[in-house]
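Chemist: The structure file final-v2.csv (CSV, C-alpha atoms) is provided below.
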```csv
chain,number,residue,atom,x,y,z
Q,1,MET,CA,85.8,130.3,90.9
Q,2,MET,CA,83.9,127.0,90.1
Q,3,MET,CA,85.7,124.0,88.7
Q,4,SER,CA,83.9,121.9,86.1
Q,5,ASN,CA,83.3,118.2,86.5
Q,6,ASN,CA,86.1,117.6,84.1
Q,7,GLY,CA,88.4,119.8,86.1
Q,8,TRP,CA,87.7,117.9,89.3
Q,9,MET,CA,88.2,114.6,87.5
Q,10,VAL,CA,91.6,115.8,86.1
Q,11,ALA,CA,92.6,117.0,89.6
Q,12,PHE,CA,91.5,113.7,91.2
Q,13,VAL,CA,93.4,111.6,88.6
Q,14,ALA,CA,96.5,113.8,89.1
Q,15,PHE,CA,96.3,113.3,92.8
Q,16,ILE,CA,96.1,109.5,92.5
Q,17,LEU,CA,99.0,109.4,90.0
Q,18,LEU,CA,101.1,111.5,92.3
Q,19,ALA,CA,100.2,109.4,95.3
Q,20,SER,CA,101.1,106.1,93.6
Q,21,SER,CA,104.1,107.2,91.6
Q,22,GLY,CA,106.7,106.4,94.3
Q,23,CYS,CA,107.8,110.0,94.3
Q,24,SER,CA,110.5,111.0,96.7
Q,25,TYR,CA,108.1,112.6,99.3
Q,26,SER,CA,106.1,110.2,101.2
Q,27,ASN,CA,104.5,110.0,104.7
Q,28,GLU,CA,106.5,106.8,105.1
Q,29,ASP,CA,109.6,109.0,105.2
Q,30,SER,CA,108.2,110.8,108.3
Q,31,PRO,CA,111.1,110.9,110.8
Q,32,VAL,CA,110.8,109.0,114.2
Q,33,THR,CA,113.2,109.3,117.1
Q,34,SER,CA,113.8,107.0,120.0
Q,35,THR,CA,112.3,108.1,123.3
Q,36,GLY,CA,115.1,106.6,125.5
Q,37,GLN,CA,112.6,104.3,127.1
Q,38,VAL,CA,112.9,100.6,126.8
Q,39,GLY,CA,110.1,99.2,124.6
Q,40,ILE,CA,108.1,96.1,125.5
Q,41,GLY,CA,107.2,95.0,122.0
Q,42,SER,CA,105.9,91.5,121.3
Q,43,VAL,CA,108.3,89.1,119.6
Q,44,GLU,CA,107.2,87.6,116.3
Q,45,GLY,CA,110.0,85.2,115.4
Q,46,ILE,CA,112.2,82.7,117.1
Q,47,VAL,CA,113.6,82.8,120.6
Q,48,GLY,CA,115.7,80.3,122.5
Q,49,ARG,CA,118.7,79.4,124.6
Q,50,ILE,CA,122.0,77.9,123.6
Q,51,THR,CA,123.8,75.8,126.2
Q,52,ASP,CA,126.6,73.2,126.3
Q,53,THR,CA,126.1,69.6,127.3
Q,54,ARG,CA,126.5,70.6,131.0
Q,55,GLY,CA,123.7,73.2,130.7
Q,56,ARG,CA,126.0,76.2,130.8
Q,57,PRO,CA,125.2,79.1,128.5
Q,58,VAL,CA,127.2,79.4,125.3
Q,59,VAL,CA,127.8,83.2,124.9
Q,60,GLY,CA,128.3,84.9,121.6
Q,61,ALA,CA,127.0,82.0,119.4
Q,62,LEU,CA,126.0,83.2,115.9
Q,63,VAL,CA,122.4,82.3,115.0
Q,64,GLN,CA,121.6,82.4,111.3
Q,65,PRO,CA,118.1,81.8,109.8
Q,66,ARG,CA,117.3,80.5,106.3
Q,67,SER,CA,113.8,80.7,105.0
Q,68,LEU,CA,112.3,77.5,103.6
Q,69,ASP,CA,109.4,79.2,101.9
Q,70,ASP,CA,109.2,80.2,98.2
Q,71,PRO,CA,109.1,83.1,97.7
Q,72,SER,CA,111.1,83.8,100.9
Q,73,PRO,CA,110.4,86.8,103.0
Q,74,PRO,CA,113.1,89.5,103.5
Q,75,ILE,CA,115.5,88.7,106.3
Q,76,PRO,CA,117.6,91.6,107.5
Q,77,GLU,CA,121.4,91.0,107.2
Q,78,ILE,CA,121.9,91.6,110.9
Q,79,ALA,CA,124.1,89.4,113.1
Q,80,ILE,CA,122.2,87.9,116.0
Q,81,VAL,CA,124.2,86.3,118.8
Q,82,SER,CA,123.5,84.7,122.2
Q,83,ASP,CA,123.8,86.9,125.3
Q,84,ASP,CA,125.4,86.2,128.6
Q,85,ASN,CA,122.6,83.8,129.5
Q,86,GLY,CA,122.8,82.0,126.2
Q,87,ARG,CA,119.6,83.6,125.0
Q,88,TYR,CA,118.9,84.9,121.5
Q,89,THR,CA,115.9,86.6,119.8
Q,90,TRP,CA,115.3,86.6,116.0
Q,91,GLN,CA,112.4,88.8,114.8
Q,92,LEU,CA,111.1,87.1,111.7
Q,93,SER,CA,108.0,87.1,109.6
Q,94,PRO,CA,105.7,84.1,109.7
Q,95,GLY,CA,106.9,81.0,107.8
Q,96,SER,CA,109.2,78.0,107.9
Q,97,TYR,CA,112.9,78.4,108.8
Q,98,GLU,CA,116.1,76.5,109.3
Q,99,LEU,CA,118.2,78.0,112.1
Q,100,SER,CA,121.9,77.3,112.2
Q,101,VAL,CA,124.0,78.0,115.3
Q,102,SER,CA,127.8,78.3,115.3
Q,103,ALA,CA,130.3,79.1,118.0
Q,104,ASP,CA,134.1,78.8,118.4
Q,105,GLY,CA,135.0,75.6,120.1
Q,106,TYR,CA,131.6,73.9,119.4
Q,107,ARG,CA,130.1,71.7,116.7
Q,108,GLY,CA,127.6,73.7,114.7
Q,109,MET,CA,123.9,72.6,114.8
Q,110,THR,CA,120.8,73.2,112.6
Q,111,LYS,CA,117.1,72.9,113.5
Q,112,LEU,CA,113.8,73.6,111.7
Q,113,THR,CA,110.8,75.5,113.0
Q,114,LYS,CA,107.8,77.4,112.0
Q,115,VAL,CA,106.9,81.0,113.0
Q,116,LYS,CA,103.1,81.8,113.3
Q,117,ALA,CA,101.7,85.3,113.0
Q,118,GLY,CA,102.2,87.3,116.2
Q,119,GLN,CA,103.9,84.5,118.0
Q,120,ALA,CA,107.5,83.5,119.1
Q,121,ALA,CA,108.6,79.9,118.4
Q,122,THR,CA,111.0,78.6,120.9
Q,123,LEU,CA,114.1,76.7,119.7
Q,124,ASP,CA,116.8,75.7,122.1
Q,125,PHE,CA,120.2,74.3,121.2
Q,126,THR,CA,122.7,72.1,123.1
Q,127,LEU,CA,126.1,72.3,121.6
Q,128,GLU,CA,128.9,69.7,121.9
Q,129,ARG,CA,132.5,70.9,122.3
Q,130,THR,CA,134.8,70.0,119.5
Q,131,PRO,CA,137.8,67.8,120.4
Q,132,TYR,CA,141.0,69.7,121.1
K,1,MET,CA,126.9,81.7,88.9
K,2,LYS,CA,125.9,79.8,91.9
K,3,ALA,CA,124.4,81.8,94.8
K,4,MET,CA,125.2,80.5,98.3
K,5,THR,CA,122.4,82.1,100.2
K,6,SER,CA,120.6,81.6,103.5
K,7,GLY,CA,119.0,85.0,103.3
K,8,GLN,CA,121.8,85.8,105.8
K,9,GLU,CA,124.9,84.6,104.0
K,10,THR,CA,124.8,85.8,100.5
K,11,VAL,CA,128.0,85.2,98.7
K,12,LEU,CA,127.4,85.3,95.0
K,13,GLY,CA,129.8,82.9,93.2
K,14,VAL,CA,133.4,83.3,94.2
K,15,ASP,CA,133.9,85.2,97.5
K,16,THR,CA,135.7,88.4,96.4
K,17,ARG,CA,135.8,90.1,99.8
K,18,PHE,CA,139.1,91.3,101.2
K,19,ARG,CA,140.0,92.5,104.7
K,20,THR,CA,140.6,96.2,105.3
K,21,TYR,CA,143.1,98.1,107.4
K,22,THR,CA,140.9,99.9,109.9
K,23,THR,CA,143.3,102.6,111.0
K,24,THR,CA,143.3,104.3,107.6
K,25,TYR,CA,140.5,106.4,106.0
K,26,PRO,CA,137.9,105.5,104.9
K,27,ALA,CA,137.9,102.2,106.7
K,28,ARG,CA,138.2,103.9,110.1
K,29,ALA,CA,135.0,105.9,109.4
K,30,ILE,CA,133.2,102.6,109.1
K,31,ALA,CA,131.9,101.4,112.5
K,32,LEU,CA,130.8,98.2,114.2
K,33,ILE,CA,127.5,98.8,115.8
K,34,THR,CA,126.7,96.6,118.8
K,35,PHE,CA,123.4,96.3,120.7
K,36,THR,CA,121.8,93.8,123.0
K,37,GLY,CA,121.8,90.5,121.2
K,38,GLY,CA,123.7,91.4,118.0
K,39,TRP,CA,125.6,93.7,115.7
K,40,CYS,CA,125.5,95.6,112.5
K,41,THR,CA,127.6,98.0,110.5
K,42,GLY,CA,127.4,101.8,110.2
K,43,THR,CA,129.2,104.7,108.5
K,44,PHE,CA,130.0,108.2,109.8
K,45,TYR,CA,128.5,110.8,107.5
K,46,GLY,CA,129.2,113.8,109.9
K,47,PRO,CA,131.1,114.5,113.1
K,48,ASN,CA,128.5,112.8,115.3
K,49,VAL,CA,126.1,110.9,113.1
K,50,VAL,CA,126.3,107.3,111.9
K,51,LEU,CA,124.2,106.0,109.0
K,52,THR,CA,122.9,102.5,109.2
K,53,ALA,CA,119.9,100.3,108.3
K,54,GLY,CA,116.6,100.9,110.0
K,55,HIS,CA,116.6,97.4,111.4
K,56,CYS,CA,119.9,98.1,113.2
K,57,VAL,CA,118.2,100.7,115.4
K,58,HIS,CA,114.6,99.4,115.5
K,59,SER,CA,113.1,95.9,115.0
K,60,GLY,CA,110.5,97.3,112.6
K,61,GLY,CA,106.7,97.5,112.6
K,62,SER,CA,104.2,98.9,115.1
K,63,SER,CA,105.0,96.2,117.6
K,64,GLY,CA,108.8,96.6,117.1
K,65,THR,CA,111.1,98.2,119.6
K,66,TRP,CA,114.2,100.4,119.5
K,67,LYS,CA,117.5,98.5,120.0
K,68,ARG,CA,119.0,98.7,123.5
K,69,ASN,CA,122.5,99.5,124.6
K,70,VAL,CA,123.5,100.7,121.1
K,71,ARG,CA,127.2,101.4,120.8
K,72,VAL,CA,129.4,102.6,117.9
K,73,TRP,CA,133.0,101.3,117.5
K,74,PRO,CA,134.7,103.1,114.6
K,75,GLY,CA,137.4,101.1,112.9
K,76,TYR,CA,136.8,98.1,115.1
K,77,ASN,CA,139.1,95.2,114.2
K,78,ALA,CA,138.6,91.8,115.7
K,79,GLY,CA,138.7,92.7,119.4
K,80,SER,CA,140.7,95.9,119.0
K,81,ALA,CA,139.0,99.3,119.2
K,82,PRO,CA,141.6,101.8,117.9
K,83,TYR,CA,139.2,104.7,118.2
K,84,GLY,CA,137.3,103.7,121.3
K,85,SER,CA,133.5,103.3,121.4
K,86,TYR,CA,130.6,105.7,121.9
K,87,ALA,CA,127.1,105.2,123.3
K,88,ALA,CA,124.2,106.2,121.2
K,89,ARG,CA,122.6,109.5,122.3
K,90,ARG,CA,119.5,109.1,120.0
K,91,LEU,CA,118.3,106.7,117.4
K,92,HIS,CA,116.4,107.9,114.3
K,93,SER,CA,114.4,106.1,111.6
K,94,VAL,CA,111.1,106.7,109.7
K,95,THR,CA,107.6,105.5,110.0
K,96,GLY,CA,108.0,103.4,106.8
K,97,TRP,CA,110.2,101.2,108.9
K,98,THR,CA,109.1,101.7,112.5
K,99,VAL,CA,105.4,101.4,111.7
K,100,SER,CA,105.1,99.6,108.3
K,101,LYS,CA,108.3,97.5,108.4
K,102,ASP,CA,108.6,98.2,104.7
K,103,GLU,CA,112.1,97.2,103.4
K,104,ARG,CA,112.1,100.2,101.0
K,105,TYR,CA,112.2,102.5,104.0
K,106,ASP,CA,114.8,100.5,106.0
K,107,TYR,CA,117.3,103.2,107.0
K,108,GLY,CA,118.3,104.8,110.3
K,109,VAL,CA,120.8,107.0,112.0
K,110,ILE,CA,122.6,106.9,115.3
K,111,LYS,CA,123.4,110.3,116.9
K,112,LEU,CA,126.4,110.5,119.3
K,113,SER,CA,127.2,112.9,122.0
K,114,THR,CA,130.8,113.3,120.9
K,115,ASN,CA,132.4,114.3,117.7
K,116,ALA,CA,134.3,111.1,117.0
K,117,GLY,CA,134.0,111.8,113.3
K,118,ASN,CA,136.5,114.6,113.7
K,119,THR,CA,139.1,111.9,114.4
K,120,VAL,CA,138.1,109.1,112.0
K,121,GLY,CA,136.6,111.3,109.2
K,122,TRP,CA,133.3,110.8,107.5
K,123,PHE,CA,131.7,109.9,104.1
K,124,GLY,CA,129.9,112.2,101.7
K,125,TYR,CA,126.3,111.4,100.5
K,126,TRP,CA,124.0,112.5,97.8
K,127,TRP,CA,120.9,111.6,95.8
K,128,GLN,CA,120.0,111.8,92.2
K,129,ALA,CA,116.7,111.1,90.5
K,130,ALA,CA,118.4,109.4,87.5
K,131,SER,CA,119.1,105.7,87.5
K,132,LEU,CA,122.2,104.5,89.4
K,133,THR,CA,122.6,101.4,87.3
K,134,GLY,CA,126.2,101.0,86.2
K,135,LEU,CA,127.8,103.0,89.0
K,136,PRO,CA,130.5,101.4,91.1
K,137,ALA,CA,129.1,99.8,94.3
K,138,ILE,CA,131.4,99.3,97.3
K,139,ILE,CA,130.2,97.9,100.6
K,140,ALA,CA,132.3,97.3,103.7
K,141,GLY,CA,131.6,96.2,107.3
K,142,TYR,CA,131.4,93.3,109.7
K,143,PRO,CA,130.0,90.2,108.1
K,144,GLY,CA,129.4,87.4,110.6
K,145,ASP,CA,130.7,84.6,108.4
K,146,LYS,CA,134.3,85.9,108.4
K,147,SER,CA,137.1,85.0,110.7
K,148,PRO,CA,138.3,86.5,112.9
K,149,THR,CA,135.0,87.6,114.4
K,150,GLN,CA,134.1,91.2,113.9
K,151,SER,CA,136.8,92.0,111.4
K,152,GLN,CA,136.1,94.5,108.6
K,153,TRP,CA,135.7,93.3,105.0
K,154,LEU,CA,135.1,95.1,101.7
K,155,SER,CA,133.4,94.0,98.5
K,156,ALA,CA,133.1,95.8,95.2
K,157,ASP,CA,130.7,95.4,92.3
K,158,LEU,CA,128.3,97.6,90.2
K,159,VAL,CA,124.7,98.7,90.6
K,160,ARG,CA,122.8,96.2,88.5
K,161,VAL,CA,119.2,97.3,88.9
K,162,THR,CA,117.8,100.7,90.2
K,163,GLU,CA,114.3,101.0,91.6
K,164,ASN,CA,112.6,104.1,93.1
K,165,ARG,CA,113.6,103.2,96.6
K,166,GLN,CA,116.2,100.4,96.3
K,167,VAL,CA,119.4,99.5,94.5
K,168,PHE,CA,120.5,96.0,93.6
K,169,TYR,CA,124.1,94.7,93.2
K,170,LYS,CA,126.2,91.5,93.5
K,171,ASN,CA,128.6,92.4,96.2
K,172,ASP,CA,129.2,89.6,98.6
K,173,SER,CA,127.5,90.0,102.0
K,174,ALA,CA,126.4,88.2,105.1
K,175,GLY,CA,124.6,88.9,108.4
K,176,GLY,CA,126.3,91.7,110.3
K,177,LEU,CA,126.9,93.7,107.1
K,178,SER,CA,123.5,95.4,107.4
K,179,GLY,CA,123.9,99.2,107.6
K,180,SER,CA,127.0,99.3,105.5
K,181,ALA,CA,127.1,102.3,103.2
K,182,VAL,CA,126.8,101.5,99.5
K,183,TRP,CA,129.2,104.0,97.9
K,184,GLN,CA,131.5,105.0,95.1
K,185,ASP,CA,134.7,107.0,95.1
K,186,ARG,CA,134.0,110.2,93.2
K,187,PRO,CA,136.8,112.4,91.9
K,188,ALA,CA,137.2,116.1,92.5
K,189,GLY,CA,135.0,118.0,90.2
K,190,SER,CA,132.1,115.5,90.2
K,191,ALA,CA,128.6,116.8,90.4
K,192,PHE,CA,126.9,116.7,93.8
K,193,CYS,CA,129.2,114.7,96.2
K,194,THR,CA,132.8,115.1,95.3
K,195,ASN,CA,136.4,114.1,96.0
K,196,GLY,CA,136.1,111.0,98.1
K,197,PRO,CA,133.7,108.2,99.2
K,198,CYS,CA,130.1,109.2,98.5
K,199,ILE,CA,127.1,107.2,99.8
K,200,TYR,CA,124.0,106.7,97.6
K,201,ALA,CA,122.4,103.7,99.5
K,202,ILE,CA,122.4,101.6,102.7
K,203,HIS,CA,122.9,97.9,102.5
K,204,ALA,CA,120.2,95.9,104.2
K,205,TYR,CA,119.2,92.5,102.6
K,206,GLY,CA,120.5,89.4,100.9
K,207,LEU,CA,118.5,87.3,98.5
K,208,HIS,CA,114.8,86.7,99.0
K,209,GLY,CA,111.4,86.9,97.3
K,210,ILE,CA,111.3,87.4,93.5
K,211,ALA,CA,113.7,89.1,91.1
K,212,PRO,CA,115.5,91.4,91.4
K,213,HIS,CA,115.4,90.7,95.1
K,214,SER,CA,116.0,87.0,94.6
K,215,ASN,CA,119.2,87.3,92.6
K,216,HIS,CA,120.8,90.5,94.0
K,217,ASN,CA,121.9,91.7,97.4
K,218,HIS,CA,120.2,95.1,97.9
K,219,GLY,CA,119.9,98.3,100.0
K,220,THR,CA,117.8,101.4,100.6
K,221,ARG,CA,118.4,104.1,98.1
K,222,ILE,CA,119.1,107.7,99.2
K,223,THR,CA,116.2,109.6,97.6
K,224,GLN,CA,115.6,113.3,98.1
K,225,ALA,CA,113.4,112.6,101.1
K,226,VAL,CA,116.0,110.3,102.6
K,227,TYR,CA,118.7,112.9,102.0
K,228,ASN,CA,116.6,115.6,103.6
K,229,ASN,CA,116.2,113.4,106.7
K,230,LEU,CA,119.9,112.7,106.9
K,231,VAL,CA,120.6,116.4,106.7
K,232,ALA,CA,118.1,117.2,109.4
K,233,TRP,CA,119.4,114.4,111.8
K,234,LYS,CA,123.0,115.6,111.1
K,235,ASN,CA,122.2,119.2,112.0
K,236,ALA,CA,120.0,118.3,115.0
K,237,ARG,CA,121.6,119.1,118.4
```
Represent the structure contained in this file as structure tokens.

Modeler:
Amino acid sequence: MMMSNNGWMVAFVAFILLASSGCSYSNEDSPVTSTGQVGIGSVEGIVGRITDTRGRPVVGALVQPRSLDDPSPPIPEIAIVSDDNGRYTWQLSPGSYELSVSADGYRGMTKLTKVKAGQAATLDFTLERTPY
Amino acid sequence: MKAMTSGQETVLGVDTRFRTYTTTYPARAIALITFTGGWCTGTFYGPNVVLTAGHCVHSGGSSGTWKRNVRVWPGYNAGSAPYGSYAARRLHSVTGWTVSKDERYDYGVIKLSTNAGNTVGWFGYWWQAASLTGLPAIIAGYPGDKSPTQSQWLSADLVRVTENRQVFYKNDSAGGLSGSAVWQDRPAGSAFCTNGPCIYAIHAYGLHGIAPHSNHNHGTRITQAVYNNLVAWKNAR
């Protein structure tokens, strides 16, 4: 059976409308499962180390970013903390950020930095103990 | 109403959160999720499956990586683990997050080897094509701005805006609450999910960008496709 030019046009328009309608079925909903292998992805964002004034790592310090751009990019509401070596990694979109660090027993600290596309900015912190 | 926001700490006006008792249901079915370098929140929706945000299992985008050393702590309470902890067996998400890093597809699931949900219970979940605006919205989990650290807090509001893939509300949140279920308690006899806490979205973001993103906290909506994936991951061995 042949379809007329008008018929093809209607079918094409229907396809475009369906594809752009935000309908529930989308290739973007294709499921993906972890392979169990440790990935070696590149970091786009901010990395650094948090230490005390004697150079010892501060473990479990909470690192919170705030975008300085308008409009600001989405920042996942994840909690990022420093590891046993005081190191942290925040995966963030390119832009300008204020990073605040807080840890029990230490004075909080805030610094500014910029993230460039495909790169990791380094931002280290040295925290002072609060008086007892 | 003044919004105190850093994109991470998003308390809208007066902080209305209250602390939960994590040895009672449904709070015990809400879990702290830890991984190398941070934490999130998740919710049991079956005996061995925990619903969370995509960014809690994968950093997002084609250069992103799966989270390492993922562990689930149901009912965790500020240093106390009344129901123990469980290593992730598998992590699940979708290409909209792991390839495109699109916030509208920011959802994931942690599959466990053990049926911890048989002890702590789990939530129901459902989807509907109609708008969710006006429905009660409850979120609960482990916001990083609260003391003591890693204690569980709950916030209640309403769905203010519904989009195809996201819902928007004014519950108070902060970094660490990502992955919390967005739910309502539905009475017996309700259509679809019934007789208990029923999830219709997954919390993921504070304020950013332009409205409604800039004046509402928001999460990924359970659409039919999301629902189908949740069912498949729940039933997978």

Chemist: Please determine, counting all atoms listed in the file, which residue among Q:Gly55, Q:Pro65, Q:Gly86, Q:Pro76 has the shortest atom-to-atom distance to Q:Lys114.

Modeler: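 Smallest separation from Q:Lys114 among the options: Q:Pro65.
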
Chemist: Between atom CA of Q:Val59 and atom CA of K:Gly37, what is the distance in Å, rounded to a tenth?

Modeler: 10.1 Å

Chemist: Could you check which of Q:Ser30, Q:Tyr132, Q:Leu112, Q:Thr122 is closest to Q:Ser100, using all atoms listed in the file?

Modeler: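 Closest to Q:Ser100 of all the choices is Q:Leu112.
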
Chemist: At a cut-off of 6 Å, list the chain K residues touching chain Q, using all atoms listed in the file, as a PyMOL selection string.

Modeler: chain K and resi 6-8+37-40+63-65+91-96+175-176+178+204-205+208-209+223-225

Chemist: One number please: atom CA of Q:Thr51 to atom CA of K:Pro148, in Å, one decimal.

Modeler: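 That distance, rounded to one decimal, is 22.4 Å.
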
Chemist: With distances taken over all atoms listed in the file, which residue among K:Thr119, K:Ser62, K:Gly79, K:Ala88 lies nearest K:Arg28?

Modeler: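 Distance minimum relative to K:Arg28 lands on K:Thr119.
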
Chemist: Residues near stretch 12-24 of chain K, anyone? I mean within 12 Å using only C-alpha atoms, not counting same-chain ones fewer than 5 positions away, as number ranges by chain.

Modeler: K: 1-7, 29-32, 73-78, 80-84, 119-122, 138-143, 145-157, 169-174, 206-207, 214-217

Chemist: Give me the residues near K:Thr162 as an MDAnalysis selection string, where near means some atom within 8 Å (using all atoms listed in the file) and where sequence neighbours in that chain fewer than 2 positions away do not count.

Modeler: chainID K and resid 131:133 159:160 164 166:168

Chemist: So how many Å separate atom CA of Q:Glu128 and atom CA of Q:Met109, to one decimal?

Modeler: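 It comes out at 9.2 Å.
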
Chemist: Which residue, Q:Gly108, Q:Gly95, Q:Gly45, Q:Ile50, has the smallest gap to Q:Phe125 when you use all atoms listed in the file?

Modeler: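 Among the listed residues, the smallest separation from Q:Phe125 belongs to Q:Ile50.
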
Chemist: Using only C-alpha atoms, which residue out of K:Asn195, K:Ser113, K:Gln184, K:Thr98 lies closest to K:Gly134?

Modeler: K:Gln184

Chemist: Please fill the gaps in stretch 78-103 of chain Q so it has N, CA and C atoms, and write that as a PDB file, in the coordinates of the input.

Modeler:
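The resulting file, out.pdb, is reproduced below:
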```
ATOM      1  N   ILE Q  78     121.423  91.222 109.612  1.00  0.00           N
ATOM      2  CA  ILE Q  78     121.900  91.600 110.900  1.00  0.00           C
ATOM      3  C   ILE Q  78     122.592  90.363 111.523  1.00  0.00           C
ATOM      4  N   ALA Q  79     123.504  90.554 112.452  1.00  0.00           N
ATOM      5  CA  ALA Q  79     124.100  89.400 113.100  1.00  0.00           C
ATOM      6  C   ALA Q  79     123.477  89.283 114.500  1.00  0.00           C
ATOM      7  N   ILE Q  80     122.858  88.140 114.750  1.00  0.00           N
ATOM      8  CA  ILE Q  80     122.200  87.900 116.000  1.00  0.00           C
ATOM      9  C   ILE Q  80     123.073  86.853 116.786  1.00  0.00           C
ATOM     10  N   VAL Q  81     123.413  87.184 118.030  1.00  0.00           N
ATOM     11  CA  VAL Q  81     124.200  86.300 118.800  1.00  0.00           C
ATOM     12  C   VAL Q  81     123.605  86.071 120.206  1.00  0.00           C
ATOM     13  N   SER Q  82     124.000  84.982 120.846  1.00  0.00           N
ATOM     14  CA  SER Q  82     123.500  84.700 122.200  1.00  0.00           C
ATOM     15  C   SER Q  82     124.101  85.578 123.228  1.00  0.00           C
ATOM     16  N   ASP Q  83     123.296  85.929 124.246  1.00  0.00           N
ATOM     17  CA  ASP Q  83     123.800  86.900 125.300  1.00  0.00           C
ATOM     18  C   ASP Q  83     124.464  86.100 126.423  1.00  0.00           C
ATOM     19  N   ASP Q  84     124.695  86.793 127.527  1.00  0.00           N
ATOM     20  CA  ASP Q  84     125.400  86.200 128.600  1.00  0.00           C
ATOM     21  C   ASP Q  84     124.700  84.985 129.247  1.00  0.00           C
ATOM     22  N   ASN Q  85     123.404  84.921 129.023  1.00  0.00           N
ATOM     23  CA  ASN Q  85     122.600  83.800 129.500  1.00  0.00           C
ATOM     24  C   ASN Q  85     122.401  82.734 128.435  1.00  0.00           C
ATOM     25  N   GLY Q  86     123.023  82.938 127.280  1.00  0.00           N
ATOM     26  CA  GLY Q  86     122.800  82.000 126.200  1.00  0.00           C
ATOM     27  C   GLY Q  86     121.578  82.251 125.370  1.00  0.00           C
ATOM     28  N   ARG Q  87     120.847  83.327 125.698  1.00  0.00           N
ATOM     29  CA  ARG Q  87     119.600  83.600 125.000  1.00  0.00           C
ATOM     30  C   ARG Q  87     119.731  84.393 123.763  1.00  0.00           C
ATOM     31  N   TYR Q  88     118.872  84.140 122.790  1.00  0.00           N
ATOM     32  CA  TYR Q  88     118.900  84.900 121.500  1.00  0.00           C
ATOM     33  C   TYR Q  88     117.426  85.192 121.147  1.00  0.00           C
ATOM     34  N   THR Q  89     117.248  86.227 120.311  1.00  0.00           N
ATOM     35  CA  THR Q  89     115.900  86.600 119.800  1.00  0.00           C
ATOM     36  C   THR Q  89     116.087  86.954 118.317  1.00  0.00           C
ATOM     37  N   TRP Q  90     115.364  86.274 117.445  1.00  0.00           N
ATOM     38  CA  TRP Q  90     115.300  86.600 116.000  1.00  0.00           C
ATOM     39  C   TRP Q  90     113.923  87.074 115.668  1.00  0.00           C
ATOM     40  N   GLN Q  91     113.756  88.322 115.290  1.00  0.00           N
ATOM     41  CA  GLN Q  91     112.400  88.800 114.800  1.00  0.00           C
ATOM     42  C   GLN Q  91     112.286  88.437 113.382  1.00  0.00           C
ATOM     43  N   LEU Q  92     111.315  87.581 113.073  1.00  0.00           N
ATOM     44  CA  LEU Q  92     111.100  87.100 111.700  1.00  0.00           C
ATOM     45  C   LEU Q  92     109.670  87.039 111.337  1.00  0.00           C
ATOM     46  N   SER Q  93     109.393  87.155 110.059  1.00  0.00           N
ATOM     47  CA  SER Q  93     108.000  87.100 109.600  1.00  0.00           C
ATOM     48  C   SER Q  93     107.535  85.628 109.660  1.00  0.00           C
ATOM     49  N   PRO Q  94     106.208  85.431 109.672  1.00  0.00           N
ATOM     50  CA  PRO Q  94     105.700  84.100 109.700  1.00  0.00           C
ATOM     51  C   PRO Q  94     106.209  83.227 108.550  1.00  0.00           C
ATOM     52  N   GLY Q  95     106.435  81.941 108.813  1.00  0.00           N
ATOM     53  CA  GLY Q  95     106.900  81.000 107.800  1.00  0.00           C
ATOM     54  C   GLY Q  95     107.778  79.933 108.376  1.00  0.00           C
ATOM     55  N   SER Q  96     108.363  79.141 107.489  1.00  0.00           N
ATOM     56  CA  SER Q  96     109.200  78.000 107.900  1.00  0.00           C
ATOM     57  C   SER Q  96     110.677  78.408 107.797  1.00  0.00           C
ATOM     58  N   TYR Q  97     111.449  78.030 108.794  1.00  0.00           N
ATOM     59  CA  TYR Q  97     112.900  78.400 108.800  1.00  0.00           C
ATOM     60  C   TYR Q  97     113.755  77.272 109.252  1.00  0.00           C
ATOM     61  N   GLU Q  98     114.987  77.331 108.746  1.00  0.00           N
ATOM     62  CA  GLU Q  98     116.100  76.500 109.300  1.00  0.00           C
ATOM     63  C   GLU Q  98     116.991  77.445 110.015  1.00  0.00           C
ATOM     64  N   LEU Q  99     117.309  77.085 111.263  1.00  0.00           N
ATOM     65  CA  LEU Q  99     118.200  78.000 112.100  1.00  0.00           C
ATOM     66  C   LEU Q  99     119.487  77.236 112.342  1.00  0.00           C
ATOM     67  N   SER Q 100     120.592  77.894 112.010  1.00  0.00           N
ATOM     68  CA  SER Q 100     121.900  77.300 112.200  1.00  0.00           C
ATOM     69  C   SER Q 100     122.647  78.096 113.299  1.00  0.00           C
ATOM     70  N   VAL Q 101     123.291  77.372 114.197  1.00  0.00           N
ATOM     71  CA  VAL Q 101     124.000  78.000 115.300  1.00  0.00           C
ATOM     72  C   VAL Q 101     125.498  77.588 115.180  1.00  0.00           C
ATOM     73  N   SER Q 102     126.392  78.567 115.308  1.00  0.00           N
ATOM     74  CA  SER Q 102     127.800  78.300 115.300  1.00  0.00           C
ATOM     75  C   SER Q 102     128.523  79.048 116.395  1.00  0.00           C
ATOM     76  N   ALA Q 103     129.527  78.435 116.992  1.00  0.00           N
ATOM     77  CA  ALA Q 103     130.300  79.100 118.000  1.00  0.00           C
ATOM     78  C   ALA Q 103     131.691  78.481 118.075  1.00  0.00           C
TER      79      ALA Q 103
END
```
